[in-house]
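Asker: Input file: final.cif. Contents: mmCIF, C-alpha atoms.
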data_model
#
loop_
_atom_site.label_atom_id
_atom_site.label_comp_id
_atom_site.auth_asym_id
_atom_site.auth_seq_id
_atom_site.Cartn_x
_atom_site.Cartn_y
_atom_site.Cartn_z
CA MET A 1 68.93 -31.39 36.34
CA ASN A 2 72.08 -29.72 37.66
CA PRO A 3 72.27 -30.68 41.37
CA ASN A 4 74.18 -27.50 42.17
CA LYS A 5 71.01 -25.58 41.34
CA TYR A 6 69.47 -27.17 44.41
CA ALA A 7 72.23 -25.84 46.68
CA ILE A 8 71.92 -22.32 45.26
CA CYS A 9 68.13 -22.41 45.32
CA LYS A 10 68.14 -23.47 48.97
CA MET A 11 70.61 -20.73 49.89
CA LEU A 12 68.58 -18.01 48.17
CA MET A 13 65.29 -19.27 49.58
CA GLU A 14 66.56 -19.40 53.17
CA TYR A 15 68.19 -15.98 52.83
CA HIS A 16 64.97 -14.32 51.69
CA ARG A 17 62.70 -16.23 54.06
CA ALA A 18 64.82 -14.94 56.94
CA LYS A 19 64.06 -11.42 55.67
CA LYS A 20 60.30 -12.20 55.68
CA ASP A 21 60.12 -12.08 51.89
CA LYS A 22 57.60 -14.11 49.88
CA VAL A 23 59.40 -16.51 47.55
CA LEU A 24 58.08 -18.22 44.41
CA ILE A 25 60.26 -20.98 42.94
CA PHE A 26 59.35 -21.57 39.28
CA SER A 27 60.06 -24.73 37.29
CA ASP A 28 58.53 -26.10 34.09
CA ASN A 29 59.87 -29.56 34.92
CA ILE A 30 57.24 -31.48 36.95
CA PRO A 31 59.61 -34.18 38.29
CA ALA A 32 61.94 -31.42 39.49
CA ILE A 33 59.02 -29.67 41.21
CA LYS A 34 58.14 -32.83 43.13
CA ARG A 35 61.72 -33.53 44.21
CA TYR A 36 62.60 -29.93 45.06
CA SER A 37 59.43 -29.74 47.13
CA THR A 38 60.65 -32.75 49.11
CA TYR A 39 64.24 -31.55 49.41
CA LEU A 40 63.35 -27.98 50.42
CA LYS A 41 60.32 -28.96 52.54
CA VAL A 42 58.02 -26.45 50.83
CA HIS A 43 54.57 -26.77 49.27
CA ASN A 44 54.20 -27.23 45.53
CA MET A 45 51.54 -26.53 42.92
CA TYR A 46 51.31 -27.73 39.33
CA GLY A 47 48.74 -28.92 36.78
CA SER A 48 47.62 -32.02 38.68
CA THR A 49 47.11 -30.18 41.98
CA SER A 50 43.41 -30.23 42.90
CA GLN A 51 41.46 -26.97 42.99
CA TYR A 52 40.81 -27.34 46.71
CA GLU A 53 44.50 -27.82 47.47
CA ARG A 54 45.44 -24.87 45.24
CA GLU A 55 43.09 -22.53 47.05
CA LEU A 56 44.31 -23.72 50.43
CA VAL A 57 48.00 -23.30 49.57
CA LEU A 58 47.47 -19.90 47.92
CA GLN A 59 45.50 -18.66 50.92
CA ARG A 60 48.31 -19.68 53.25
CA PHE A 61 50.87 -18.00 50.98
CA ARG A 62 48.90 -14.74 50.85
CA GLY A 63 48.39 -14.73 54.62
CA GLY A 64 46.35 -11.99 56.22
CA LYS A 65 42.93 -12.37 57.79
CA GLY A 66 41.76 -15.90 58.41
CA VAL A 67 45.27 -17.39 58.37
CA LYS A 68 47.04 -18.10 61.64
CA PRO A 69 50.67 -16.89 61.75
CA GLU A 70 51.91 -20.45 62.30
CA ASP A 71 49.99 -21.63 59.20
CA GLU A 72 51.32 -18.95 56.86
CA ILE A 73 53.91 -20.05 54.31
CA ASN A 74 56.44 -17.77 52.62
CA ALA A 75 57.83 -20.09 49.94
CA LEU A 76 56.08 -22.04 47.20
CA ILE A 77 57.41 -24.05 44.26
CA ILE A 78 55.15 -23.75 41.26
CA SER A 79 54.93 -24.70 37.59
CA GLN A 80 53.83 -22.59 34.64
CA VAL A 81 50.28 -22.66 36.04
CA GLY A 82 51.50 -19.68 38.07
CA ASP A 83 52.29 -17.63 34.96
CA VAL A 84 48.70 -16.45 34.46
CA GLY A 85 45.39 -16.53 36.27
CA ILE A 86 46.74 -16.60 39.84
CA ASP A 87 46.85 -13.46 41.95
CA LEU A 88 49.84 -13.38 44.31
CA PRO A 89 50.68 -9.70 44.86
CA GLN A 90 52.52 -10.55 48.10
CA ALA A 91 55.34 -12.31 46.21
CA ASN A 92 58.49 -10.22 45.87
CA VAL A 93 61.13 -12.89 45.10
CA ILE A 94 61.26 -15.36 42.21
CA ILE A 95 63.84 -18.13 41.85
CA GLN A 96 63.56 -19.69 38.40
CA ILE A 97 65.23 -23.10 38.23
CA SER A 98 63.93 -23.90 34.75
CA SER A 99 61.82 -22.18 32.12
CA HIS A 100 60.17 -22.71 28.75
CA PHE A 101 63.19 -22.37 26.47
CA GLY A 102 63.46 -18.80 25.10
CA SER A 103 59.90 -17.71 25.88
CA ARG A 104 60.05 -13.93 26.30
CA ARG A 105 56.37 -13.76 27.18
CA GLN A 106 56.84 -16.18 30.07
CA GLU A 107 59.79 -14.21 31.43
CA ALA A 108 57.80 -10.98 31.34
CA GLN A 109 54.78 -12.62 33.02
CA ARG A 110 56.89 -13.99 35.85
CA LEU A 111 58.70 -10.71 36.34
CA GLY A 112 55.33 -8.97 36.52
CA ARG A 113 54.41 -11.22 39.45
CA ILE A 114 56.85 -9.46 41.77
CA LEU A 115 56.46 -5.93 40.43
CA ARG A 116 52.86 -5.43 41.49
CA PRO A 117 52.07 -2.81 44.15
CA LYS A 118 52.29 -4.22 47.68
CA SER A 119 50.00 -3.55 50.60
CA GLY A 120 51.01 -3.25 54.23
CA ASP A 121 53.46 -1.12 56.18
CA SER A 122 56.35 -3.54 55.63
CA PHE A 123 56.41 -2.71 51.90
CA ASN A 124 56.00 1.06 52.14
CA VAL A 125 59.69 1.92 52.58
CA GLY A 126 62.74 0.29 51.05
CA TRP A 127 60.81 -2.40 49.22
CA ASN A 128 62.70 -4.42 46.60
CA ALA A 129 61.86 -7.22 44.19
CA PHE A 130 64.33 -9.95 43.22
CA PHE A 131 64.28 -12.24 40.18
CA TYR A 132 66.89 -15.01 40.06
CA SER A 133 67.23 -17.28 37.03
CA LEU A 134 69.55 -20.25 37.67
CA ILE A 135 71.43 -21.25 34.51
CA SER A 136 73.84 -24.16 34.01
CA MET A 137 77.06 -23.15 32.27
CA ASP A 138 77.89 -24.57 28.82
CA THR A 139 74.36 -25.86 28.20
CA ALA A 140 71.46 -24.94 25.91
CA GLU A 141 70.03 -23.03 28.87
CA MET A 142 72.60 -20.28 28.27
CA TYR A 143 71.39 -19.73 24.70
CA PHE A 144 67.72 -19.49 25.66
CA SER A 145 68.54 -17.35 28.70
CA HIS A 146 70.38 -14.87 26.48
CA LYS A 147 67.30 -14.53 24.25
CA ARG A 148 65.07 -13.81 27.28
CA GLN A 149 67.56 -11.35 28.76
CA LYS A 150 67.82 -9.45 25.48
CA TYR A 151 64.06 -8.99 25.47
CA LEU A 152 64.05 -7.66 29.05
CA VAL A 153 66.85 -5.22 28.25
CA ASP A 154 64.84 -3.97 25.27
CA GLN A 155 61.96 -3.35 27.70
CA GLY A 156 64.16 -1.19 29.94
CA TYR A 157 65.10 -3.73 32.63
CA THR A 158 68.64 -4.40 33.80
CA PHE A 159 70.19 -7.67 34.90
CA LYS A 160 73.49 -8.91 36.26
CA VAL A 161 75.20 -12.23 35.60
CA ILE A 162 76.65 -13.69 38.82
CA ARG A 163 79.14 -16.48 38.25
CA ASN A 164 80.69 -16.65 41.73
CA ILE A 165 77.56 -16.72 43.87
CA LYS A 166 79.10 -19.19 46.31
CA GLU A 167 82.02 -16.86 47.10
CA ILE A 168 79.69 -13.85 47.42
CA ALA A 169 77.48 -15.76 49.85
CA LEU A 170 80.39 -16.82 52.04
CA GLU A 171 81.86 -13.30 52.07
CA ASN A 172 78.54 -11.93 53.33
CA GLY A 173 78.04 -14.61 55.96
CA ILE A 174 75.20 -16.33 54.09
CA GLU A 175 75.00 -20.06 54.71
CA TYR A 176 75.81 -22.16 51.64
CA GLU A 177 75.63 -25.95 51.73
CA GLU A 178 78.42 -27.48 49.67
CA LEU A 179 77.14 -30.70 48.10
CA THR A 180 79.35 -33.76 48.19
CA GLN A 181 79.66 -35.95 45.11
CA GLU A 182 77.46 -38.52 46.82
CA GLN A 183 74.73 -35.91 47.41
CA GLN A 184 74.96 -34.70 43.82
CA ARG A 185 74.69 -38.27 42.55
CA LYS A 186 71.65 -38.92 44.76
CA ILE A 187 69.86 -35.79 43.55
CA LEU A 188 70.52 -36.65 39.90
CA GLN A 189 69.31 -40.20 40.39
CA ASP A 190 66.18 -39.07 42.21
CA LEU A 191 65.33 -36.47 39.55
CA THR A 192 65.89 -38.93 36.71
CA ALA A 193 63.87 -41.65 38.43
CA GLU A 194 61.05 -39.15 39.00
CA GLU A 195 61.19 -38.15 35.33
CA VAL A 196 60.92 -41.75 34.12
CA THR A 197 58.02 -42.37 36.52
CA GLU A 198 56.28 -39.26 35.22
CA LEU A 199 56.63 -40.45 31.62
CA PHE A 200 55.02 -43.81 32.33
CA SER A 201 52.23 -42.33 34.46
CA LYS A 202 50.94 -40.06 31.70
CA LYS A 203 47.37 -40.70 30.56
CA PRO A 204 46.66 -42.06 27.05
CA GLU A 205 46.16 -39.57 24.24
CA LYS A 206 42.67 -38.36 23.35
CA GLU A 207 40.53 -40.21 20.81
CA GLY A 208 41.85 -39.96 17.30
CA ARG A 209 45.45 -40.49 18.40
CA SER A 210 47.42 -43.43 19.62
CA LYS A 211 45.87 -45.00 22.75
CA SER A 212 49.17 -46.40 24.00
CA SER A 213 49.94 -45.44 27.61
CA LYS A 214 53.64 -45.85 26.99
CA PRO A 215 55.73 -42.71 26.49
CA PRO A 216 57.72 -42.25 23.25
CA ARG A 217 60.85 -44.40 23.24
CA ARG A 218 62.96 -41.31 22.48
CA MET A 219 61.91 -39.62 25.74
CA VAL A 220 62.62 -42.74 27.78
CA ASN A 221 66.02 -43.18 26.14
CA GLN A 222 66.93 -39.55 26.89
CA ALA A 223 65.93 -39.93 30.53
CA MET A 224 67.87 -43.16 30.91
CA LYS A 225 70.90 -41.61 29.21
CA ARG A 226 70.91 -38.81 31.80
CA PHE A 227 70.65 -41.40 34.55
CA LEU A 228 73.60 -43.42 33.22
CA ASN A 229 75.70 -40.29 32.71
CA ALA A 230 75.09 -39.39 36.34
CA GLN A 231 76.14 -42.88 37.38
CA ARG A 232 79.40 -42.62 35.44
CA LYS A 233 80.15 -39.11 36.71
CA TYR A 234 79.35 -39.57 40.38
CA GLY A 235 79.19 -43.32 40.88
#
Just give me the structure of the file as structure tokens.
Answerer:
Amino acid sequence: MNPNKYAICKMLMEYHRAKKDKVLIFSDNIPAIKRYSTYLKVHNMYGSTSQYERELVLQRFRGGKGVKPEDEINALIISQVGDVGIDLPQANVIIQISSHFGSRRQEAQRLGRILRPKSGDSFNVGWNAFFYSLISMDTAEMYFSHKRQKYLVDQGYTFKVIRNIKEIALENGIEYEELTQEQQRKILQDLTAEEVTELFSKKPEKEGRSKSSKPPRRMVNQAMKRFLNAQRKYG
């Protein structure tokens, strides 16, 4: 829910799109997927996306024969449906804005997405893959991120923690949009409102369980608490 993740995500996405890279933005938070898709003006795909729309979006992301250059897309925001069962060998950049707690398996699956052999002359020389995981300081995300990183190190991978990404971007002439407090407040409100809407739009449980279409009160209270905290902080 950290609005500064949006600014960093946008910077990284635009930087790699300018280099003709193929970018996958992963999030396990459906409301965030919907809002980020709107903010960044990129296509999204998650559990409720129809099969027809999935195939169309994936075809445009892969490019190649049958896809006009103006119809090809090089960025896609996707949920955990992209962890398995979807073939996207063209992807070479992942920006992870949220993940499934400390799931080591999920981290390895996503990393494998961008390590597959590439086809085409553009990937024959000097090809690189990039995996960015955006973590909010002093939150539970740091604990779970440490668990995932430890697993990757045990598998022989290396990683680097970047705390001053804004300064690095500016030093290298990379455009970084500094969010005002009003913009941060708006993003937090939009994300929280989308989360509450998502809770109330969920279908009733299957037979044998409660048929109530209302979400658990605890989940609603947590969402509203985040909304009120945002109001106090930025309002």
Asker: Do a neighbour search on Tyr46 (chain A) at 7 Å with all atoms listed in the file, toss out local chain neighbours closer than 5 positions, and write the hits as a PDB file with C-alpha atoms, keeping the file's coordinate frame.
Answerer:
ATOM      1  CA  ILE A  78      55.150 -23.750  41.260  1.00  0.00           C
ATOM      2  CA  SER A  79      54.930 -24.700  37.590  1.00  0.00           C
ATOM      3  CA  VAL A  81      50.280 -22.660  36.040  1.00  0.00           C
TER       4      VAL A  81
END
Asker: Which distance in Å separates CA of Asp190 (chain A) and CA of Lys34 (chain A), to one decimal?
Answerer: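 Atom-to-atom, CA of Asp190 (chain A) and CA of Lys34 (chain A) are spaced 10.2 Å apart.
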Asker: Determine the residue set returned by the PyMOL selection byres ((chain A and resi 42) around 8) for the present structure, and present it as JSON, numbers by chain.
Answerer: {"A": [37, 38, 40, 41, 43, 44, 75, 76, 77]}
Asker: Excluding region 132-138 of chain A and any residue of its chain fewer than 6 positions from it, enumerate the residues within 10 Å of it, using only C-alpha atoms, and give them as a VMD selection string.
Answerer: chain A and resid 1 to 6 8 to 9 12 25 to 26 93 to 99 107 111 144 to 145 159 to 163
Asker: Using all atoms listed in the file for the distances, tell me which of A:Val23, A:Leu56, A:Ile86, A:Leu170 is nearest to Ala129 (chain A).
Answerer: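 Result for the nearest residue to Ala129 (chain A): A:Val23.
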Asker: Which residues match the PyMOL selection byres ((chain A and resi 114) around 9) in the file above, as a VMD selection string?
Answerer: chain A and resid 88 to 94 110 to 113 115 to 117 129 to 131
Asker: For Gln183 (chain A), which of A:Tyr15, A:Tyr151, A:Tyr143, A:Tyr39 is the closest residue, counting only C-alpha atoms?
Answerer: A:Tyr39
Asker: Record the distance separating CA of Glu55 (chain A) and CA of Asp87 (chain A), expressed in Å with one decimal.
Answerer: 11.1 Å
Asker: Work out how far apart CA of His16 (chain A) and CA of Glu175 (chain A) are and give it in Å to one decimal.
Answerer: 11.9 Å
Asker: Give as a count of residues only the set of residues within 8 Å of the point (52.9, -20.0, 54.4), where distances use the file's coordinates and only C-alpha atoms.
Answerer: 11
Asker: Run through the PyMOL selection byres ((chain A and resi 32) around 9) on the given coordinates and return the selected residues as a CSV table (one decimal) with C-alpha atoms, in the frame of the given file.
Answerer:
chain,number,residue,atom,x,y,z
A,1,MET,CA,68.9,-31.4,36.3
A,27,SER,CA,60.1,-24.7,37.3
A,28,ASP,CA,58.5,-26.1,34.1
A,29,ASN,CA,59.9,-29.6,34.9
A,30,ILE,CA,57.2,-31.5,37.0
A,31,PRO,CA,59.6,-34.2,38.3
A,33,ILE,CA,59.0,-29.7,41.2
A,34,LYS,CA,58.1,-32.8,43.1
A,35,ARG,CA,61.7,-33.5,44.2
A,36,TYR,CA,62.6,-29.9,45.1
A,37,SER,CA,59.4,-29.7,47.1
A,191,LEU,CA,65.3,-36.5,39.6
A,192,THR,CA,65.9,-38.9,36.7
A,194,GLU,CA,61.0,-39.2,39.0
A,195,GLU,CA,61.2,-38.2,35.3
